[in-house]
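Trainee: One structure coming up, written as structure tokens, with questions to follow.
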Amino acid sequence: MNAPLALATALTIAGGLWLDACGLAWAQPAVALWTWLLFGFMWWSGHADQRMQWTVCLAWATFGEIVLSLLWGLYDYRLGNLPLFVPPGHVLLYALGVWLADRLPHRAIDAVPPLAAGLVLAGLAVGGDTANLPLFALYLLALRYGPSPRLYSTMFVLALCMELYGTALGAWTWRSEVPGLALVSANPPLAAGAFYCMLDWLTALRPRRRAVPA
């Protein structure tokens, strides 16, 4: 990804969510078509290793959305469906996060864990948001054992910005009670970026190549 593509990605996410939230009948298909076209261009212009990462990310993102939204019901999209722009949108956000993580200063990255802890404690104290606790634990787990701590901190903040923007528009809504668990969630939970950290961690996993006998 380069600077123009990063800008196009940011505008696609911001503009696409706004257009979808307008409720026009043609908006969601149009946003889906544009998002897939941008993803296709990014995939076509990337090198082989990037293509593999983005393909894996797309598969995990699709699986995660089906499980978390359609099956578990942690959150609901505006029309009660899984918008077709969401899986490739996750890949675009992932690619943008990778691009930003290499450019942000170390001080900014290092400030994310304590600030995230403060957000979790504030959410618990003010709104009783207990869903943040396991999510924050996932984030810390990714930082400790995952291969890309800078990326996870970058995505934690980037995803939180997108979550705040998307829920403010009404593009999706987190349920106040986590189905099947005695947890309360804000809309959105402030540690929702942990899901993206786990997605990025899974994307980085690669099967080991078997040694070829001599």
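Just so we're on the same page: first chain in the structure tokens is A, next is B, and so on; residues restart at 1 for each chain, and ligands are numbered from 1 in the order they show up.
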What lies within 9 Å of Trp201 (chain A) using only C-alpha atoms, ignoring chain neighbours under 5 positions off, as a PyMOL selection string?
Mentor: chain A and resi 142+146-148+152+196
Trainee: Hey, what's within 6 Å of region 79-89 of chain A if we count only C-alpha atoms and toss same-chain stuff fewer than 5 positions away? As a CSV table (one decimal) with N, CA and C atoms, in the first residue's frame, please?
Mentor:
chain,number,residue,atom,x,y,z
A,32,ALA,N,-20.8,-1.8,-1.6
A,32,ALA,CA,-20.2,-3.1,-1.7
A,32,ALA,C,-19.4,-3.2,-3.0
A,35,THR,N,-16.2,-1.2,-2.8
A,35,THR,CA,-15.2,-1.7,-1.8
A,35,THR,C,-14.5,-3.0,-2.4
A,58,LEU,N,-9.3,-12.0,4.5
A,58,LEU,CA,-10.6,-12.0,3.9
A,58,LEU,C,-11.4,-13.2,4.4
A,61,ALA,N,-12.0,-12.8,8.2
A,61,ALA,CA,-13.0,-11.8,8.5
A,61,ALA,C,-14.4,-12.2,8.1
A,62,THR,N,-14.6,-12.9,7.0
A,62,THR,CA,-15.9,-13.5,6.7
A,62,THR,C,-16.4,-14.4,7.7
Trainee: I need the helix (DSSP H, G or I) residues of region 17-197 of chain A per DSSP on the backbone, written as number ranges by chain.
Mentor: A: 17-21, 27-45, 48-71, 86-101, 106-110, 112-127, 132-145, 149-169, 193-197
Trainee: Using the chain letters and numbers from this document, which residues of region 45-209 of chain A does DSSP assign to strand (DSSP E or B), as a list of chain:residue names?
Mentor: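 These are the residues in question: A:Tyr75, A:Asp76, A:Tyr77, A:Trp172, A:Thr173, A:Trp174, A:Glu177, A:Val184.
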Trainee: Next, write the just-selected residues to a file, as a PDB file, in the first residue's frame, keeping all heavy atoms as the atom set.
Mentor:
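The result, written out as again09.pdb:
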ATOM      1  N   TYR A  75     -23.585  -8.029  17.741  1.00  0.00           N
ATOM      2  CA  TYR A  75     -23.983  -6.752  17.163  1.00  0.00           C
ATOM      3  C   TYR A  75     -24.845  -7.036  15.932  1.00  0.00           C
ATOM      4  O   TYR A  75     -24.815  -8.132  15.366  1.00  0.00           O
ATOM      5  CB  TYR A  75     -22.759  -5.905  16.767  1.00  0.00           C
ATOM      6  CG  TYR A  75     -21.714  -6.652  15.977  1.00  0.00           C
ATOM      7  CD1 TYR A  75     -21.783  -6.750  14.590  1.00  0.00           C
ATOM      8  CD2 TYR A  75     -20.649  -7.292  16.617  1.00  0.00           C
ATOM      9  CE1 TYR A  75     -20.845  -7.450  13.868  1.00  0.00           C
ATOM     10  CE2 TYR A  75     -19.697  -7.996  15.902  1.00  0.00           C
ATOM     11  CZ  TYR A  75     -19.794  -8.065  14.529  1.00  0.00           C
ATOM     12  OH  TYR A  75     -18.863  -8.767  13.817  1.00  0.00           O
ATOM     13  N   ASP A  76     -25.612  -6.046  15.548  1.00  0.00           N
ATOM     14  CA  ASP A  76     -26.520  -6.183  14.406  1.00  0.00           C
ATOM     15  C   ASP A  76     -26.271  -5.052  13.425  1.00  0.00           C
ATOM     16  O   ASP A  76     -26.169  -3.880  13.825  1.00  0.00           O
ATOM     17  CB  ASP A  76     -27.981  -6.133  14.872  1.00  0.00           C
ATOM     18  CG  ASP A  76     -28.314  -7.234  15.862  1.00  0.00           C
ATOM     19  OD1 ASP A  76     -28.251  -8.407  15.467  1.00  0.00           O
ATOM     20  OD2 ASP A  76     -28.622  -6.910  17.026  1.00  0.00           O
ATOM     21  N   TYR A  77     -26.200  -5.398  12.148  1.00  0.00           N
ATOM     22  CA  TYR A  77     -26.089  -4.371  11.123  1.00  0.00           C
ATOM     23  C   TYR A  77     -27.447  -3.743  10.853  1.00  0.00           C
ATOM     24  O   TYR A  77     -28.487  -4.287  11.214  1.00  0.00           O
ATOM     25  CB  TYR A  77     -25.489  -4.964   9.846  1.00  0.00           C
ATOM     26  CG  TYR A  77     -24.012  -5.231   9.984  1.00  0.00           C
ATOM     27  CD1 TYR A  77     -23.533  -6.512  10.271  1.00  0.00           C
ATOM     28  CD2 TYR A  77     -23.093  -4.193   9.865  1.00  0.00           C
ATOM     29  CE1 TYR A  77     -22.184  -6.756  10.422  1.00  0.00           C
ATOM     30  CE2 TYR A  77     -21.727  -4.429  10.013  1.00  0.00           C
ATOM     31  CZ  TYR A  77     -21.285  -5.702  10.294  1.00  0.00           C
ATOM     32  OH  TYR A  77     -19.940  -5.938  10.456  1.00  0.00           O
ATOM     33  N   TRP A 172     -24.249  -0.087  12.434  1.00  0.00           N
ATOM     34  CA  TRP A 172     -24.432  -1.302  13.225  1.00  0.00           C
ATOM     35  C   TRP A 172     -24.603  -0.906  14.688  1.00  0.00           C
ATOM     36  O   TRP A 172     -24.269   0.203  15.098  1.00  0.00           O
ATOM     37  CB  TRP A 172     -23.262  -2.273  13.046  1.00  0.00           C
ATOM     38  CG  TRP A 172     -21.948  -1.760  13.515  1.00  0.00           C
ATOM     39  CD1 TRP A 172     -21.427  -1.784  14.781  1.00  0.00           C
ATOM     40  CD2 TRP A 172     -20.950  -1.114  12.701  1.00  0.00           C
ATOM     41  NE1 TRP A 172     -20.188  -1.202  14.815  1.00  0.00           N
ATOM     42  CE2 TRP A 172     -19.868  -0.783  13.564  1.00  0.00           C
ATOM     43  CE3 TRP A 172     -20.870  -0.798  11.345  1.00  0.00           C
ATOM     44  CZ2 TRP A 172     -18.722  -0.143  13.085  1.00  0.00           C
ATOM     45  CZ3 TRP A 172     -19.731  -0.156  10.882  1.00  0.00           C
ATOM     46  CH2 TRP A 172     -18.678   0.162  11.744  1.00  0.00           C
ATOM     47  N   THR A 173     -25.119  -1.831  15.472  1.00  0.00           N
ATOM     48  CA  THR A 173     -25.388  -1.576  16.888  1.00  0.00           C
ATOM     49  C   THR A 173     -24.977  -2.781  17.715  1.00  0.00           C
ATOM     50  O   THR A 173     -25.361  -3.913  17.402  1.00  0.00           O
ATOM     51  CB  THR A 173     -26.888  -1.293  17.128  1.00  0.00           C
ATOM     52  OG1 THR A 173     -27.304  -0.206  16.291  1.00  0.00           O
ATOM     53  CG2 THR A 173     -27.140  -0.951  18.586  1.00  0.00           C
ATOM     54  N   TRP A 174     -24.187  -2.529  18.756  1.00  0.00           N
ATOM     55  CA  TRP A 174     -23.810  -3.597  19.678  1.00  0.00           C
ATOM     56  C   TRP A 174     -24.942  -3.811  20.684  1.00  0.00           C
ATOM     57  O   TRP A 174     -25.527  -2.851  21.184  1.00  0.00           O
ATOM     58  CB  TRP A 174     -22.532  -3.233  20.427  1.00  0.00           C
ATOM     59  CG  TRP A 174     -21.300  -3.272  19.574  1.00  0.00           C
ATOM     60  CD1 TRP A 174     -20.927  -2.329  18.656  1.00  0.00           C
ATOM     61  CD2 TRP A 174     -20.310  -4.295  19.532  1.00  0.00           C
ATOM     62  NE1 TRP A 174     -19.750  -2.706  18.059  1.00  0.00           N
ATOM     63  CE2 TRP A 174     -19.341  -3.901  18.583  1.00  0.00           C
ATOM     64  CE3 TRP A 174     -20.137  -5.496  20.227  1.00  0.00           C
ATOM     65  CZ2 TRP A 174     -18.222  -4.676  18.294  1.00  0.00           C
ATOM     66  CZ3 TRP A 174     -19.016  -6.266  19.959  1.00  0.00           C
ATOM     67  CH2 TRP A 174     -18.077  -5.855  18.997  1.00  0.00           C
ATOM     68  N   GLU A 177     -26.522  -6.449  26.136  1.00  0.00           N
ATOM     69  CA  GLU A 177     -26.201  -7.652  26.905  1.00  0.00           C
ATOM     70  C   GLU A 177     -25.582  -8.686  25.969  1.00  0.00           C
ATOM     71  O   GLU A 177     -26.154  -9.016  24.929  1.00  0.00           O
ATOM     72  CB  GLU A 177     -27.465  -8.224  27.563  1.00  0.00           C
ATOM     73  CG  GLU A 177     -28.076  -7.291  28.607  1.00  0.00           C
ATOM     74  CD  GLU A 177     -29.289  -7.908  29.293  1.00  0.00           C
ATOM     75  OE1 GLU A 177     -29.642  -9.059  28.935  1.00  0.00           O
ATOM     76  OE2 GLU A 177     -29.869  -7.248  30.158  1.00  0.00           O
ATOM     77  N   VAL A 184     -22.093  -6.918  30.205  1.00  0.00           N
ATOM     78  CA  VAL A 184     -22.800  -5.750  29.679  1.00  0.00           C
ATOM     79  C   VAL A 184     -21.871  -5.030  28.711  1.00  0.00           C
ATOM     80  O   VAL A 184     -20.672  -4.876  28.978  1.00  0.00           O
ATOM     81  CB  VAL A 184     -23.220  -4.803  30.819  1.00  0.00           C
ATOM     82  CG1 VAL A 184     -23.869  -3.549  30.261  1.00  0.00           C
ATOM     83  CG2 VAL A 184     -24.166  -5.525  31.770  1.00  0.00           C
TER      84      VAL A 184
END
Trainee: Would you work out the distance separating CA of Ala159 (chain A) from CA of Leu68 (chain A), expressed in Å to one decimal?
Mentor: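 Interatomic distance here is 15.9 Å.
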Trainee: CA of Ser185 (chain A) to CA of Asn132 (chain A): how many Å, to one decimal?
Mentor: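 According to the coordinates, CA of Ser185 (chain A) and CA of Asn132 (chain A) are separated by 7.4 Å.
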Trainee: Which is closest to Leu199 (chain A) among A:Arg150, A:His90, A:His106, A:Arg175, if we use only C-alpha atoms?
Mentor: A:His90
Trainee: What's the separation between CA of Ala168 (chain A) and CA of Trp54 (chain A), in Å to one decimal place?
Mentor: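 Straight-line distance from CA of Ala168 (chain A) to CA of Trp54 (chain A) works out to 28.1 Å.
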Trainee: Please identify all polymer residues within 10 Å of Trp72 (chain A), counting only C-alpha atoms, omitting same-chain residues fewer than 4 positions from it, and present them as an MDAnalysis selection string.
Mentor: chainID A and resid 65:68 178:180
Trainee: Pull all heavy atoms from the residues just selected and write them as a short mmCIF file (atom, residue, chain, number, x, y, z; two decimals), in the first residue's frame.
Mentor:
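Generated file (part-v2.cif):
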data_model
loop_
_atom_site.label_atom_id
_atom_site.label_comp_id
_atom_site.auth_asym_id
_atom_site.auth_seq_id
_atom_site.Cartn_x
_atom_site.Cartn_y
_atom_site.Cartn_z
N GLU A 65 -17.29 -12.54 11.00
CA GLU A 65 -18.55 -11.80 10.92
C GLU A 65 -19.75 -12.74 11.00
O GLU A 65 -20.76 -12.42 11.65
CB GLU A 65 -18.60 -11.00 9.61
CG GLU A 65 -17.72 -9.78 9.60
CD GLU A 65 -18.24 -8.70 10.53
OE1 GLU A 65 -19.43 -8.71 10.88
OE2 GLU A 65 -17.43 -7.82 10.92
N ILE A 66 -19.67 -13.88 10.35
CA ILE A 66 -20.77 -14.84 10.41
C ILE A 66 -20.98 -15.32 11.84
O ILE A 66 -22.11 -15.40 12.33
CB ILE A 66 -20.48 -16.03 9.47
CG1 ILE A 66 -20.55 -15.57 8.01
CG2 ILE A 66 -21.48 -17.17 9.71
CD1 ILE A 66 -20.13 -16.63 7.01
N VAL A 67 -19.88 -15.62 12.53
CA VAL A 67 -19.99 -16.14 13.90
C VAL A 67 -20.43 -15.05 14.87
O VAL A 67 -21.38 -15.23 15.63
CB VAL A 67 -18.64 -16.75 14.34
CG1 VAL A 67 -18.68 -17.10 15.83
CG2 VAL A 67 -18.31 -17.99 13.52
N LEU A 68 -19.74 -13.91 14.85
CA LEU A 68 -19.98 -12.88 15.86
C LEU A 68 -21.31 -12.15 15.66
O LEU A 68 -21.99 -11.83 16.64
CB LEU A 68 -18.83 -11.86 15.85
CG LEU A 68 -17.44 -12.39 16.20
CD1 LEU A 68 -16.42 -11.27 16.13
CD2 LEU A 68 -17.44 -13.02 17.58
N VAL A 178 -24.42 -9.18 26.35
CA VAL A 178 -23.72 -10.17 25.52
C VAL A 178 -24.47 -11.49 25.59
O VAL A 178 -24.63 -12.06 26.68
CB VAL A 178 -22.27 -10.36 26.00
CG1 VAL A 178 -21.57 -11.42 25.16
CG2 VAL A 178 -21.52 -9.04 25.94
N PRO A 179 -24.97 -12.01 24.45
CA PRO A 179 -25.74 -13.25 24.47
C PRO A 179 -24.96 -14.42 25.07
O PRO A 179 -23.81 -14.68 24.69
CB PRO A 179 -26.03 -13.51 22.98
CG PRO A 179 -25.95 -12.16 22.35
CD PRO A 179 -24.88 -11.43 23.10
N GLY A 180 -25.57 -15.07 26.03
CA GLY A 180 -24.97 -16.25 26.64
C GLY A 180 -23.97 -15.98 27.73
O GLY A 180 -23.48 -16.93 28.37
#
